[in-house]
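Dumped my_file.pdb below, it's PDB, C-alpha atoms and all ligand atoms:
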MODEL        1
ATOM      1  CA  MET A   1       0.009 110.311 116.403
ATOM      2  CA  ALA A   2      -1.659 107.083 115.300
ATOM      3  CA  LEU A   3      -1.803 105.945 111.717
ATOM      4  CA  SER A   4      -5.260 106.711 110.489
ATOM      5  CA  ARG A   5      -7.232 106.334 107.316
ATOM      6  CA  ASP A   6      -7.346 110.046 106.670
ATOM      7  CA  MET A   7      -3.587 110.392 106.921
ATOM      8  CA  SER A   8      -1.960 110.843 103.519
ATOM      9  CA  GLN A   9       0.177 108.043 102.170
ATOM     10  CA  ASP A  10       3.229 110.298 102.385
ATOM     11  CA  GLN A  11       2.633 111.050 106.034
ATOM     12  CA  ALA A  12       2.122 107.381 106.813
ATOM     13  CA  PHE A  13       5.273 106.422 104.930
ATOM     14  CA  GLU A  14       7.260 109.100 106.699
ATOM     15  CA  MET A  15       6.119 107.834 110.095
ATOM     16  CA  VAL A  16       6.937 104.205 109.405
ATOM     17  CA  GLN A  17      10.280 105.281 108.030
ATOM     18  CA  THR A  18      10.984 107.179 111.223
ATOM     19  CA  LEU A  19      10.441 104.075 113.292
ATOM     20  CA  LEU A  20      12.480 101.851 111.012
ATOM     21  CA  ASP A  21      15.185 104.469 110.629
ATOM     22  CA  ALA A  22      15.947 104.458 114.327
ATOM     23  CA  PRO A  23      19.606 103.499 114.712
ATOM     24  CA  GLU A  24      19.862  99.771 114.959
ATOM     25  CA  SER A  25      22.536  98.347 117.162
ATOM     26  CA  ARG A  26      22.315  94.626 117.034
ATOM     27  CA  PHE A  27      25.591  93.746 118.727
ATOM     28  CA  PRO A  28      26.499  92.453 121.173
ATOM     29  CA  LEU A  29      23.687  90.006 120.510
ATOM     30  CA  THR A  30      23.269  87.909 123.594
ATOM     31  CA  PHE A  31      21.071  84.938 124.261
ATOM     32  CA  ASN A  32      21.245  85.497 128.003
ATOM     33  CA  SER A  33      17.939  84.806 129.603
ATOM     34  CA  ASP A  34      16.996  88.122 131.200
ATOM     35  CA  LEU A  35      13.383  87.037 131.587
ATOM     36  CA  PRO A  36      13.705  83.349 132.536
ATOM     37  CA  ARG A  37       9.989  82.857 133.067
ATOM     38  CA  ILE A  38       9.388  83.974 129.479
ATOM     39  CA  ARG A  39      12.201  81.703 128.258
ATOM     40  CA  GLU A  40      10.403  78.817 129.955
ATOM     41  CA  LEU A  41       7.174  79.794 128.169
ATOM     42  CA  PHE A  42       9.083  79.510 124.889
ATOM     43  CA  HIS A  43      10.201  75.999 125.784
ATOM     44  CA  ALA A  44       6.711  75.031 126.943
ATOM     45  CA  ALA A  45       5.276  76.341 123.657
ATOM     46  CA  THR A  46       7.864  74.341 121.697
ATOM     47  CA  ARG A  47       6.904  71.164 123.537
ATOM     48  CA  ASN A  48       3.160  71.701 123.122
ATOM     49  CA  GLN A  49       2.746  72.277 119.409
ATOM     50  CA  TRP A  50      -0.262  70.723 117.729
ATOM     51  CA  ASP A  51      -1.600  70.295 114.230
ATOM     52  CA  PRO A  52      -5.161  71.468 113.493
ATOM     53  CA  LYS A  53      -5.370  68.951 110.647
ATOM     54  CA  THR A  54      -4.428  65.819 112.568
ATOM     55  CA  ASP A  55      -4.800  66.499 116.289
ATOM     56  CA  VAL A  56      -8.491  67.400 116.157
ATOM     57  CA  ASP A  57     -10.836  64.395 115.834
ATOM     58  CA  TRP A  58     -12.742  65.889 112.934
ATOM     59  CA  ASP A  59     -14.585  62.579 112.344
ATOM     60  CA  LEU A  60     -16.502  63.165 115.566
ATOM     61  CA  LEU A  61     -18.180  66.211 114.027
ATOM     62  CA  LYS A  62     -21.604  65.235 112.654
ATOM     63  CA  PRO A  63     -22.950  68.311 110.864
ATOM     64  CA  GLU A  64     -26.035  66.369 109.781
ATOM     65  CA  SER A  65     -27.115  66.015 113.414
ATOM     66  CA  TYR A  66     -27.710  69.763 113.568
ATOM     67  CA  THR A  67     -30.448  71.765 111.876
ATOM     68  CA  GLU A  68     -29.745  74.009 108.917
ATOM     69  CA  GLU A  69     -30.285  77.038 111.161
ATOM     70  CA  GLN A  70     -27.812  75.737 113.757
ATOM     71  CA  ARG A  71     -25.174  74.967 111.146
ATOM     72  CA  TYR A  72     -25.510  78.414 109.621
ATOM     73  CA  ALA A  73     -25.272  80.160 113.001
ATOM     74  CA  ALA A  74     -22.222  78.114 113.950
ATOM     75  CA  ARG A  75     -20.578  78.859 110.590
ATOM     76  CA  LEU A  76     -20.994  82.550 111.361
ATOM     77  CA  TYR A  77     -19.597  82.141 114.859
ATOM     78  CA  TRP A  78     -16.544  80.115 113.832
ATOM     79  CA  SER A  79     -15.901  82.431 110.883
ATOM     80  CA  ARG A  80     -15.938  85.396 113.257
ATOM     81  CA  ARG A  81     -13.468  83.576 115.512
ATOM     82  CA  ALA A  82     -11.247  82.995 112.465
ATOM     83  CA  TRP A  83     -11.290  86.727 111.639
ATOM     84  CA  SER A  84      -9.997  87.707 115.047
ATOM     85  CA  GLU A  85      -7.340  84.989 115.084
ATOM     86  CA  TYR A  86      -6.273  86.106 111.608
ATOM     87  CA  GLY A  87      -5.795  89.630 112.954
ATOM     88  CA  ALA A  88      -3.485  88.217 115.611
ATOM     89  CA  ILE A  89      -1.264  86.642 112.938
ATOM     90  CA  SER A  90      -0.202  90.048 111.684
ATOM     91  CA  GLU A  91      -0.114  91.846 115.041
ATOM     92  CA  SER A  92       2.327  89.268 116.376
ATOM     93  CA  PRO A  93       5.201  89.940 113.930
ATOM     94  CA  SER A  94       4.661  93.683 114.159
ATOM     95  CA  LEU A  95       5.244  93.415 117.912
ATOM     96  CA  GLN A  96       8.313  91.333 117.220
ATOM     97  CA  LEU A  97       9.618  94.159 115.091
ATOM     98  CA  ARG A  98       9.366  96.449 118.122
ATOM     99  CA  PHE A  99      11.202  93.945 120.335
ATOM    100  CA  GLY A 100      14.072  93.957 117.843
ATOM    101  CA  LEU A 101      14.168  97.726 117.335
ATOM    102  CA  GLU A 102      14.136  98.347 121.074
ATOM    103  CA  ASN A 103      16.679  95.641 121.860
ATOM    104  CA  ARG A 104      14.371  93.840 124.223
ATOM    105  CA  PRO A 105      15.508  90.591 125.863
ATOM    106  CA  SER A 106      15.890  87.665 123.477
ATOM    107  CA  ASP A 107      13.366  85.666 125.558
ATOM    108  CA  MET A 108      10.625  87.860 124.109
ATOM    109  CA  GLN A 109      11.780  87.350 120.535
ATOM    110  CA  LEU A 110      12.032  83.587 120.940
ATOM    111  CA  PHE A 111       8.619  83.249 122.534
ATOM    112  CA  PHE A 112       6.890  85.396 119.936
ATOM    113  CA  THR A 113       8.118  83.310 117.010
ATOM    114  CA  ILE A 114       5.961  80.498 118.363
ATOM    115  CA  ARG A 115       3.200  82.800 119.497
ATOM    116  CA  SER A 116       2.759  83.854 115.852
ATOM    117  CA  GLN A 117       2.575  80.212 114.763
ATOM    118  CA  GLU A 118      -0.005  79.525 117.436
ATOM    119  CA  GLU A 119      -2.228  82.352 116.228
ATOM    120  CA  ALA A 120      -1.946  80.899 112.711
ATOM    121  CA  ARG A 121      -3.091  77.522 114.068
ATOM    122  CA  HIS A 122      -6.027  79.173 115.813
ATOM    123  CA  ALA A 123      -7.077  80.877 112.584
ATOM    124  CA  GLU A 124      -6.754  77.641 110.633
ATOM    125  CA  VAL A 125      -8.693  75.527 113.106
ATOM    126  CA  CYS A 126     -11.569  78.032 113.301
ATOM    127  CA  HIS A 127     -11.663  78.347 109.522
ATOM    128  CA  THR A 128     -11.699  74.547 109.150
ATOM    129  CA  MET A 129     -14.544  74.238 111.645
ATOM    130  CA  ALA A 130     -16.616  76.771 109.681
ATOM    131  CA  GLU A 131     -15.832  74.912 106.449
ATOM    132  CA  LYS A 132     -16.894  71.576 107.869
ATOM    133  CA  LEU A 133     -20.160  73.052 109.098
ATOM    134  CA  GLY A 134     -21.007  74.117 105.560
ATOM    135  CA  GLY A 135     -18.625  76.894 104.602
ATOM    136  CA  TYR A 136     -16.469  79.701 105.948
ATOM    137  CA  ILE A 137     -18.046  83.168 105.683
ATOM    138  CA  GLU A 138     -15.559  85.795 104.543
ATOM    139  CA  LYS A 139     -16.998  88.929 106.135
ATOM    140  CA  PRO A 140     -19.784  90.104 108.428
ATOM    141  CA  VAL A 141     -23.148  89.414 106.811
ATOM    142  CA  GLN A 142     -24.178  92.988 107.568
ATOM    143  CA  GLN A 143     -21.473  95.549 106.921
ATOM    144  CA  LEU A 144     -22.541  97.554 109.957
ATOM    145  CA  PHE A 145     -20.937  94.946 112.229
ATOM    146  CA  GLU A 146     -17.505  95.480 110.695
ATOM    147  CA  GLY A 147     -16.912  98.396 113.061
ATOM    148  CA  SER A 148     -16.959  96.025 116.024
ATOM    149  CA  VAL A 149     -14.756  93.269 114.656
ATOM    150  CA  SER A 150     -12.482  94.832 112.053
ATOM    151  CA  THR A 151      -9.407  95.734 114.115
ATOM    152  CA  HIS A 152      -8.282  96.603 117.609
ATOM    153  CA  GLY A 153      -5.567  98.900 116.287
ATOM    154  CA  VAL A 154      -2.600  97.011 117.715
ATOM    155  CA  ARG A 155      -0.747  96.756 114.399
ATOM    156  CA  ARG A 156      -0.950 100.526 113.979
ATOM    157  CA  ALA A 157       0.159 101.099 117.561
ATOM    158  CA  THR A 158       3.198  98.835 117.225
ATOM    159  CA  LEU A 159       4.428 100.927 114.296
ATOM    160  CA  ASN A 160       3.927 104.125 116.236
ATOM    161  CA  ALA A 161       7.054 105.000 118.195
ATOM    162  CA  ASP A 162       4.981 107.313 120.434
ATOM    163  CA  VAL A 163       3.040 104.410 121.909
ATOM    164  CA  PRO A 164       5.197 102.611 124.472
ATOM    165  CA  LEU A 165       5.582  98.878 124.036
ATOM    166  CA  GLU A 166       4.600  98.359 127.674
ATOM    167  CA  GLY A 167       1.219  99.962 126.973
ATOM    168  CA  ILE A 168       0.613  97.786 123.932
ATOM    169  CA  ILE A 169       1.386  94.614 125.859
ATOM    170  CA  ALA A 170      -0.728  95.680 128.841
ATOM    171  CA  ALA A 171      -3.654  96.424 126.529
ATOM    172  CA  LEU A 172      -3.338  93.571 124.073
ATOM    173  CA  VAL A 173      -2.093  90.760 126.262
ATOM    174  CA  CYS A 174      -2.997  91.554 129.866
ATOM    175  CA  THR A 175      -6.399  92.920 128.878
ATOM    176  CA  ALA A 176      -7.718  91.635 125.531
ATOM    177  CA  GLU A 177      -6.101  88.191 125.642
ATOM    178  CA  GLU A 178      -6.919  87.828 129.323
ATOM    179  CA  ILE A 179     -10.591  88.488 128.561
ATOM    180  CA  ALA A 180     -10.452  86.060 125.631
ATOM    181  CA  PHE A 181      -8.840  83.389 127.798
ATOM    182  CA  ASP A 182     -11.574  83.571 130.441
ATOM    183  CA  VAL A 183     -14.209  83.325 127.740
ATOM    184  CA  PHE A 184     -12.482  80.174 126.450
ATOM    185  CA  LYS A 185     -12.572  78.692 129.959
ATOM    186  CA  HIS A 186     -16.280  79.465 130.074
ATOM    187  CA  LEU A 187     -16.779  77.998 126.568
ATOM    188  CA  ASP A 188     -15.093  74.808 127.708
ATOM    189  CA  ASP A 189     -17.862  74.501 130.334
ATOM    190  CA  VAL A 190     -20.804  75.230 128.054
ATOM    191  CA  THR A 191     -19.799  73.673 124.720
ATOM    192  CA  ARG A 192     -21.108  70.142 124.168
ATOM    193  CA  ASP A 193     -20.085  69.237 120.624
ATOM    194  CA  PRO A 194     -16.930  67.109 121.039
ATOM    195  CA  VAL A 195     -15.026  68.758 118.186
ATOM    196  CA  ALA A 196     -15.975  72.313 119.137
ATOM    197  CA  LYS A 197     -14.854  71.497 122.680
ATOM    198  CA  GLN A 198     -11.508  70.087 121.494
ATOM    199  CA  ILE A 199     -10.850  73.236 119.489
ATOM    200  CA  VAL A 200     -11.666  75.438 122.471
ATOM    201  CA  ARG A 201      -9.238  73.447 124.620
ATOM    202  CA  PHE A 202      -6.391  73.542 122.099
ATOM    203  CA  ILE A 203      -6.688  77.308 121.723
ATOM    204  CA  MET A 204      -7.064  77.839 125.461
ATOM    205  CA  ARG A 205      -3.875  75.920 126.180
ATOM    206  CA  ASP A 206      -1.911  78.276 123.938
ATOM    207  CA  GLU A 207      -3.689  81.365 125.220
ATOM    208  CA  SER A 208      -2.727  80.620 128.809
ATOM    209  CA  ARG A 209       0.925  81.053 127.750
ATOM    210  CA  HIS A 210       0.138  84.194 125.763
ATOM    211  CA  CYS A 211      -1.439  85.778 128.854
ATOM    212  CA  ALA A 212       1.414  84.644 131.117
ATOM    213  CA  PHE A 213       3.890  86.349 128.766
ATOM    214  CA  GLY A 214       2.187  89.715 129.304
ATOM    215  CA  TRP A 215       2.140  89.511 133.089
ATOM    216  CA  TYR A 216       5.697  88.188 133.354
ATOM    217  CA  PHE A 217       6.839  91.070 131.173
ATOM    218  CA  LEU A 218       4.939  93.761 133.082
ATOM    219  CA  GLU A 219       6.015  92.387 136.464
ATOM    220  CA  ALA A 220       9.640  92.343 135.347
ATOM    221  CA  ILE A 221       9.721  95.945 134.159
ATOM    222  CA  CYS A 222       7.211  97.726 136.391
ATOM    223  CA  GLU A 223       9.817  98.985 138.852
ATOM    224  CA  THR A 224      11.736 100.706 136.071
ATOM    225  CA  LEU A 225       8.718 102.669 134.827
ATOM    226  CA  THR A 226       8.185 106.350 135.524
ATOM    227  CA  PRO A 227       4.773 107.656 136.678
ATOM    228  CA  GLU A 228       4.337 109.163 133.175
ATOM    229  CA  GLN A 229       4.941 105.790 131.563
ATOM    230  CA  LYS A 230       2.460 104.175 133.921
ATOM    231  CA  THR A 231      -0.133 106.771 132.952
ATOM    232  CA  MET A 232       0.484 105.965 129.278
ATOM    233  CA  ILE A 233      -0.006 102.274 130.043
ATOM    234  CA  GLU A 234      -3.263 103.065 131.843
ATOM    235  CA  ASN A 235      -4.432 105.041 128.809
ATOM    236  CA  SER A 236      -3.643 102.159 126.457
ATOM    237  CA  VAL A 237      -5.636  99.747 128.620
ATOM    238  CA  ILE A 238      -8.539 102.182 128.929
ATOM    239  CA  THR A 239      -8.644 102.569 125.137
ATOM    240  CA  MET A 240      -8.627  98.781 124.674
ATOM    241  CA  MET A 241     -11.451  98.367 127.171
ATOM    242  CA  GLU A 242     -13.653 101.218 126.004
ATOM    243  CA  LYS A 243     -13.083 101.278 122.265
ATOM    244  CA  VAL A 244     -12.556  97.580 121.616
ATOM    245  CA  GLU A 245     -13.824  95.178 124.283
ATOM    246  CA  LEU A 246     -16.886  97.182 125.344
ATOM    247  CA  ASN A 247     -17.616  97.790 121.652
ATOM    248  CA  GLY A 248     -18.181  94.084 121.031
ATOM    249  CA  TYR A 249     -14.823  92.967 119.634
ATOM    250  CA  HIS A 250     -14.989  89.639 121.452
ATOM    251  CA  SER A 251     -18.628  89.562 122.555
ATOM    252  CA  SER A 252     -21.360  90.587 120.135
ATOM    253  CA  TRP A 253     -23.840  91.419 122.920
ATOM    254  CA  LEU A 254     -21.566  94.275 123.994
ATOM    255  CA  ALA A 255     -21.629  95.846 120.513
ATOM    256  CA  PRO A 256     -23.782  98.946 119.939
ATOM    257  CA  GLU A 257     -27.308  97.703 119.378
ATOM    258  CA  ASN A 258     -28.346  97.763 115.717
ATOM    259  CA  PRO A 259     -29.838  95.248 113.274
ATOM    260  CA  ALA A 260     -26.354  93.920 112.420
ATOM    261  CA  SER A 261     -25.240  93.269 115.986
ATOM    262  CA  LEU A 262     -28.646  91.825 116.901
ATOM    263  CA  ALA A 263     -28.260  89.313 114.065
ATOM    264  CA  GLU A 264     -24.816  88.320 115.410
ATOM    265  CA  VAL A 265     -26.219  88.001 118.941
ATOM    266  CA  GLU A 266     -28.967  85.744 117.586
ATOM    267  CA  ALA A 267     -26.405  83.586 115.759
ATOM    268  CA  ASP A 268     -24.453  83.307 119.011
ATOM    269  CA  ARG A 269     -27.562  82.181 120.875
ATOM    270  CA  ILE A 270     -28.415  79.497 118.336
ATOM    271  CA  THR A 271     -24.790  78.271 118.307
ATOM    272  CA  TYR A 272     -24.685  78.240 122.121
ATOM    273  CA  GLU A 273     -27.981  76.390 122.476
ATOM    274  CA  ALA A 274     -26.794  73.775 119.974
ATOM    275  CA  GLY A 275     -23.642  73.292 122.088
ATOM    276  CA  LEU A 276     -21.476  74.180 119.084
ATOM    277  CA  GLY A 277     -19.482  76.958 120.782
ATOM    278  CA  SER A 278     -20.234  80.604 121.560
ATOM    279  CA  THR A 279     -22.084  82.005 124.530
ATOM    280  CA  VAL A 280     -24.829  84.460 125.421
ATOM    281  CA  GLU A 281     -25.147  87.643 127.407
ATOM    282  CA  GLU A 282     -26.639  86.155 130.589
ATOM    283  CA  ALA A 283     -23.984  83.428 130.772
ATOM    284  CA  GLU A 284     -20.998  85.557 129.840
ATOM    285  CA  LYS A 285     -21.771  88.697 131.818
ATOM    286  CA  PRO A 286     -20.538  87.433 135.229
ATOM    287  CA  VAL A 287     -17.421  85.994 133.559
ATOM    288  CA  PHE A 288     -16.647  89.299 131.877
ATOM    289  CA  VAL A 289     -17.195  91.371 135.023
ATOM    290  CA  ALA A 290     -14.996  89.049 137.107
ATOM    291  CA  THR A 291     -12.219  89.198 134.507
ATOM    292  CA  VAL A 292     -12.190  92.988 134.379
ATOM    293  CA  GLN A 293     -12.055  93.149 138.179
ATOM    294  CA  ARG A 294      -9.209  90.630 138.266
ATOM    295  CA  ILE A 295      -7.232  92.576 135.645
ATOM    296  CA  ARG A 296      -7.692  95.722 137.711
ATOM    297  CA  ASP A 297      -6.556  93.908 140.898
ATOM    298  CA  GLN A 298      -3.556  92.390 139.150
ATOM    299  CA  MET A 299      -2.418  95.718 137.673
ATOM    300  CA  LYS A 300      -2.757  97.710 140.880
ATOM    301  CA  PRO A 301       0.389  96.385 142.631
ATOM    302  CA  LEU A 302       2.298  97.215 139.432
ATOM    303  CA  GLY A 303       1.268 100.852 139.838
ATOM    304  CA  ILE A 304      -1.255 100.711 137.000
ATOM    305  CA  ASN A 305      -4.606 101.989 138.230
ATOM    306  CA  LEU A 306      -7.678 101.410 136.128
ATOM    307  CA  PRO A 307     -10.812 103.517 136.538
ATOM    308  CA  PRO A 308     -14.322 102.050 136.593
ATOM    309  CA  PHE A 309     -15.675 101.238 133.131
ATOM    310  CA  HIS A 310     -19.239 101.820 132.000
ATOM    311  CA  HIS A 311     -21.492  99.970 129.624
ATOM    312  CA  ASP A 312     -25.272 100.128 129.424
ATOM    313  CA  LYS A 313     -25.585  96.368 129.856
ATOM    314  CA  LEU A 314     -23.062  96.126 132.669
ATOM    315  CA  GLY A 315     -23.425  99.351 134.591
ATOM    316  CA  ALA A 316     -20.160 100.426 136.231
ATOM    317  CA  ILE A 317     -17.607  97.678 136.528
TER     318      ILE A 317
HETATM  319 FE    FE B   1      -5.395  83.133 119.384
HETATM  320 FE    FE B   2      -3.265  84.709 121.674
ENDMDL
END
Would you mind writing the structure in this file as structure tokens?
Ligand SMILES: [Fe+2]
Ligand SMILES: [Fe+2]
Amino acid sequence: MALSRDMSQDQAFEMVQTLLDAPESRFPLTFNSDLPRIRELFHAATRNQWDPKTDVDWDLLKPESYTEEQRYAARLYWSRRAWSEYGAISESPSLQLRFGLENRPSDMQLFFTIRSQEEARHAEVCHTMAEKLGGYIEKPVQQLFEGSVSTHGVRRATLNADVPLEGIIAALVCTAEEIAFDVFKHLDDVTRDPVAKQIVRFIMRDESRHCAFGWYFLEAICETLTPEQKTMIENSVITMMEKVELNGYHSSWLAPENPASLAEVEADRITYEAGLGSTVEEAEKPVFVATVQRIRDQMKPLGINLPPFHHDKLGAI
């Protein structure tokens, strides 16, 4: 049962209590590296920290060289990026809670402490970019778009003992973050503004480790999973694809068509054409399709079989 808005406060409290009331056995607490590739990611993350305030050459940004329309569109785009990064700040510690409660290898705990910091940096750098372009925008201009960008439900899932951790990581990391990473690679190719490009590269560098974490984890545990657990993982990924990604969480052109999403798509186009970040349907479509196919190919040897997905603008992929 997932936490939902129509659940009473008592029910919600009872459920969270159940998860937190699970017997906690902390000892023996070892720092053995059971997942050495993830331990190495932790060390790589420690070595590669950066400061959004000082490591980005903000002086190279010349807002006055863009039109009012371009600045406004880019403010919307970078604000939207900040919203999704902000969501990641809270999903990260909630996952960490699960690692602790389930006595997962310490490598995962260590890596996620820095992963949370990295998401905070991503939120800050996107917020700063929007501010420098004229001002951060706190919420979707048209409320209708909130349904596409408000949440992907990971925080709720992490507090739900019925949803296996493996499924959450497969859906969040190996699917959603993998899609986001490929979009960043594509943005690096199409973004011309030097500061927007720097930001894309800083975030992308971190995201490559975030994605690696998910695959290293799944590869390490896949042989221990039962067919039932693999089916649950498949269901988590399917939900992430159908309810979140194909609903426009990362790409506004995939959102259900309505005046609100069309306005976001238009803002993306203006931002893209100005070289200030973002992309458009015709440029992103082949990237998105290739990513989904790669995720499917990469999951198959792990015993996780994804069905074809459908979207009016993509057909069956
Ligand atoms: Fe991020
Ligand atoms: Fe991330």
Inset, instruction - Go ahead and compute the interatomic distance for CA of Ala157 in chain A and CA of Gln96 in chain A, in Å to one decimal. - result: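 Straight-line distance from CA of Ala157 in chain A to CA of Gln96 in chain A works out to 12.7 Å.
Applied to this file, the PyMOL selection byres (((chain A and resi 87) around 10) and not hetatm) selects the residues Ala82, Trp83, Ser84, Glu85, Tyr86, Ala88, Ile89, Ser90, Glu91, Ser92, Glu119, Ala120, Ala123, Val149, Ser150, Thr151, His152, Gly153, Val154 and Arg155 of chain A.
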Inset, instruction - Grab the CA of Gln49 in chain A to CA of Arg81 in chain A distance for me, in Å with one decimal place. - result: 20.1 Å
Inset, instruction - With a distance cut-off of 10 Å and only C-alpha atoms, select the neighbouring residues of Ile168 in chain A, excluding the residue or stretch itself and same-chain residues fewer than 3 positions from it, and output the selection as number ranges by chain. - result: A: 95, 153-155, 157-158, 163-165, 171-175, 214, 232-233, 236-237, 240
Legend entry - For Asn305 in chain A, the nearest of the candidates A:Leu276, A:Ala196, A:Leu133, A:Ile238, counting only C-alpha atoms: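 Closest to Asn305 in chain A, using only C-alpha atoms: A:Ile238.
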Legend entry - Residue nearest Asp57 in chain A - candidates A:Arg121, A:Lys197, A:Arg37, A:Arg98, atoms counted: only C-alpha atoms: A:Lys197
Inset, instruction - Please identify every polymer residue within 9 Å of ligand FE 2 (chain B), using only C-alpha atoms and all ligand atoms, and present the set as a list in words. - result: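 Those residues are Glu85, Ala88, Ser92, Arg115, Ser116, Glu118, Glu119, His122, Val173, Glu177, Ala180, Phe181, Ile203, Met204, Asp206, Glu207, Ser208, Arg209, His210 and Cys211 of chain A.
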Create the file for the chosen residues now, containing C-alpha atoms and written as a PDB file, keeping the file's coordinate frame.
ATOM      1  CA  GLU A  85      -7.340  84.989 115.084  1.00  0.00           C
ATOM      2  CA  ALA A  88      -3.485  88.217 115.611  1.00  0.00           C
ATOM      3  CA  SER A  92       2.327  89.268 116.376  1.00  0.00           C
ATOM      4  CA  ARG A 115       3.200  82.800 119.497  1.00  0.00           C
ATOM      5  CA  SER A 116       2.759  83.854 115.852  1.00  0.00           C
ATOM      6  CA  GLU A 118      -0.005  79.525 117.436  1.00  0.00           C
ATOM      7  CA  GLU A 119      -2.228  82.352 116.228  1.00  0.00           C
ATOM      8  CA  HIS A 122      -6.027  79.173 115.813  1.00  0.00           C
ATOM      9  CA  VAL A 173      -2.093  90.760 126.262  1.00  0.00           C
ATOM     10  CA  GLU A 177      -6.101  88.191 125.642  1.00  0.00           C
ATOM     11  CA  ALA A 180     -10.452  86.060 125.631  1.00  0.00           C
ATOM     12  CA  PHE A 181      -8.840  83.389 127.798  1.00  0.00           C
ATOM     13  CA  ILE A 203      -6.688  77.308 121.723  1.00  0.00           C
ATOM     14  CA  MET A 204      -7.064  77.839 125.461  1.00  0.00           C
ATOM     15  CA  ASP A 206      -1.911  78.276 123.938  1.00  0.00           C
ATOM     16  CA  GLU A 207      -3.689  81.365 125.220  1.00  0.00           C
ATOM     17  CA  SER A 208      -2.727  80.620 128.809  1.00  0.00           C
ATOM     18  CA  ARG A 209       0.925  81.053 127.750  1.00  0.00           C
ATOM     19  CA  HIS A 210       0.138  84.194 125.763  1.00  0.00           C
ATOM     20  CA  CYS A 211      -1.439  85.778 128.854  1.00  0.00           C
TER      21      CYS A 211
END
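Note that CA of Ala316 in chain A and CA of Gln293 in chain A are 11.1 Å apart.
Closest approach to Pro194 in chain A among A:Ala263, A:Val280, A:Met108, A:Ala274: A:Ala274, based on only C-alpha atoms.
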Inset, instruction - Can you turn the PyMOL selection byres (((chain A and resi 216) around 10) and not hetatm) into a concrete residue list for this file, as a ChimeraX atom specification? - result: /A:35-38,41,174,211-215,217-221
Can those selected residues be exported to a file as an mmCIF file, keeping the file's coordinate frame so that it contains C-alpha atoms?
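selection_29.cif, freshly written:
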data_model
loop_
_atom_site.group_PDB
_atom_site.id
_atom_site.type_symbol
_atom_site.label_atom_id
_atom_site.label_comp_id
_atom_site.auth_asym_id
_atom_site.auth_seq_id
_atom_site.Cartn_x
_atom_site.Cartn_y
_atom_site.Cartn_z
ATOM 1 C CA LEU A 35 13.383 87.037 131.587
ATOM 2 C CA PRO A 36 13.705 83.349 132.536
ATOM 3 C CA ARG A 37 9.989 82.857 133.067
ATOM 4 C CA ILE A 38 9.388 83.974 129.479
ATOM 5 C CA LEU A 41 7.174 79.794 128.169
ATOM 6 C CA CYS A 174 -2.997 91.554 129.866
ATOM 7 C CA CYS A 211 -1.439 85.778 128.854
ATOM 8 C CA ALA A 212 1.414 84.644 131.117
ATOM 9 C CA PHE A 213 3.890 86.349 128.766
ATOM 10 C CA GLY A 214 2.187 89.715 129.304
ATOM 11 C CA TRP A 215 2.140 89.511 133.089
ATOM 12 C CA PHE A 217 6.839 91.070 131.173
ATOM 13 C CA LEU A 218 4.939 93.761 133.082
ATOM 14 C CA GLU A 219 6.015 92.387 136.464
ATOM 15 C CA ALA A 220 9.640 92.343 135.347
ATOM 16 C CA ILE A 221 9.721 95.945 134.159
#
Inset, instruction - Expand the PyMOL selection byres (((chain A and resi 189) around 12) and not hetatm) into the individual residues it matches in the shown file, reporting them as a ChimeraX atom specification. - result: /A:182-188,190-194,196-198,200-201,272,275-279,283-284,287
Write to file, as a JSON list (two decimals), in the coordinates of the input, the residues of the selection just made, with C-alpha atoms.
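Listing of selection22.json after writing:
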[["chain", "number", "residue", "atom", "x", "y", "z"],
["A", 182, "ASP", "CA", -11.57, 83.57, 130.44],
["A", 183, "VAL", "CA", -14.21, 83.32, 127.74],
["A", 184, "PHE", "CA", -12.48, 80.17, 126.45],
["A", 185, "LYS", "CA", -12.57, 78.69, 129.96],
["A", 186, "HIS", "CA", -16.28, 79.46, 130.07],
["A", 187, "LEU", "CA", -16.78, 78.00, 126.57],
["A", 188, "ASP", "CA", -15.09, 74.81, 127.71],
["A", 190, "VAL", "CA", -20.80, 75.23, 128.05],
["A", 191, "THR", "CA", -19.80, 73.67, 124.72],
["A", 192, "ARG", "CA", -21.11, 70.14, 124.17],
["A", 193, "ASP", "CA", -20.08, 69.24, 120.62],
["A", 194, "PRO", "CA", -16.93, 67.11, 121.04],
["A", 196, "ALA", "CA", -15.98, 72.31, 119.14],
["A", 197, "LYS", "CA", -14.85, 71.50, 122.68],
["A", 198, "GLN", "CA", -11.51, 70.09, 121.49],
["A", 200, "VAL", "CA", -11.67, 75.44, 122.47],
["A", 201, "ARG", "CA", -9.24, 73.45, 124.62],
["A", 272, "TYR", "CA", -24.68, 78.24, 122.12],
["A", 275, "GLY", "CA", -23.64, 73.29, 122.09],
["A", 276, "LEU", "CA", -21.48, 74.18, 119.08],
["A", 277, "GLY", "CA", -19.48, 76.96, 120.78],
["A", 278, "SER", "CA", -20.23, 80.60, 121.56],
["A", 279, "THR", "CA", -22.08, 82.00, 124.53],
["A", 283, "ALA", "CA", -23.98, 83.43, 130.77],
["A", 284, "GLU", "CA", -21.00, 85.56, 129.84],
["A", 287, "VAL", "CA", -17.42, 85.99, 133.56]]
Legend entry - Among the residues A:Ala290, A:Ala73, A:Leu97, A:Ile199, the one that comes closest to Cys126 in chain A [using all atoms listed in the file]: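 Among the listed residues, the smallest separation from Cys126 in chain A belongs to A:Ile199.
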Inset, instruction - For range 253-256 of chain A, work out the shell of residues within 7 Å, counting all atoms listed in the file and skipping chain neighbours fewer than 2 positions away, then give it as a VMD selection string. - result: chain A and resid 148 246 to 248 251 258 261 265 281
Could you dump the residues just selected with C-alpha atoms as a short mmCIF file (atom, residue, chain, number, x, y, z; two decimals), in the coordinates of the input?
data_model
loop_
_atom_site.label_atom_id
_atom_site.label_comp_id
_atom_site.auth_asym_id
_atom_site.auth_seq_id
_atom_site.Cartn_x
_atom_site.Cartn_y
_atom_site.Cartn_z
CA SER A 148 -16.96 96.02 116.02
CA LEU A 246 -16.89 97.18 125.34
CA ASN A 247 -17.62 97.79 121.65
CA GLY A 248 -18.18 94.08 121.03
CA SER A 251 -18.63 89.56 122.56
CA ASN A 258 -28.35 97.76 115.72
CA SER A 261 -25.24 93.27 115.99
CA VAL A 265 -26.22 88.00 118.94
CA GLU A 281 -25.15 87.64 127.41
#
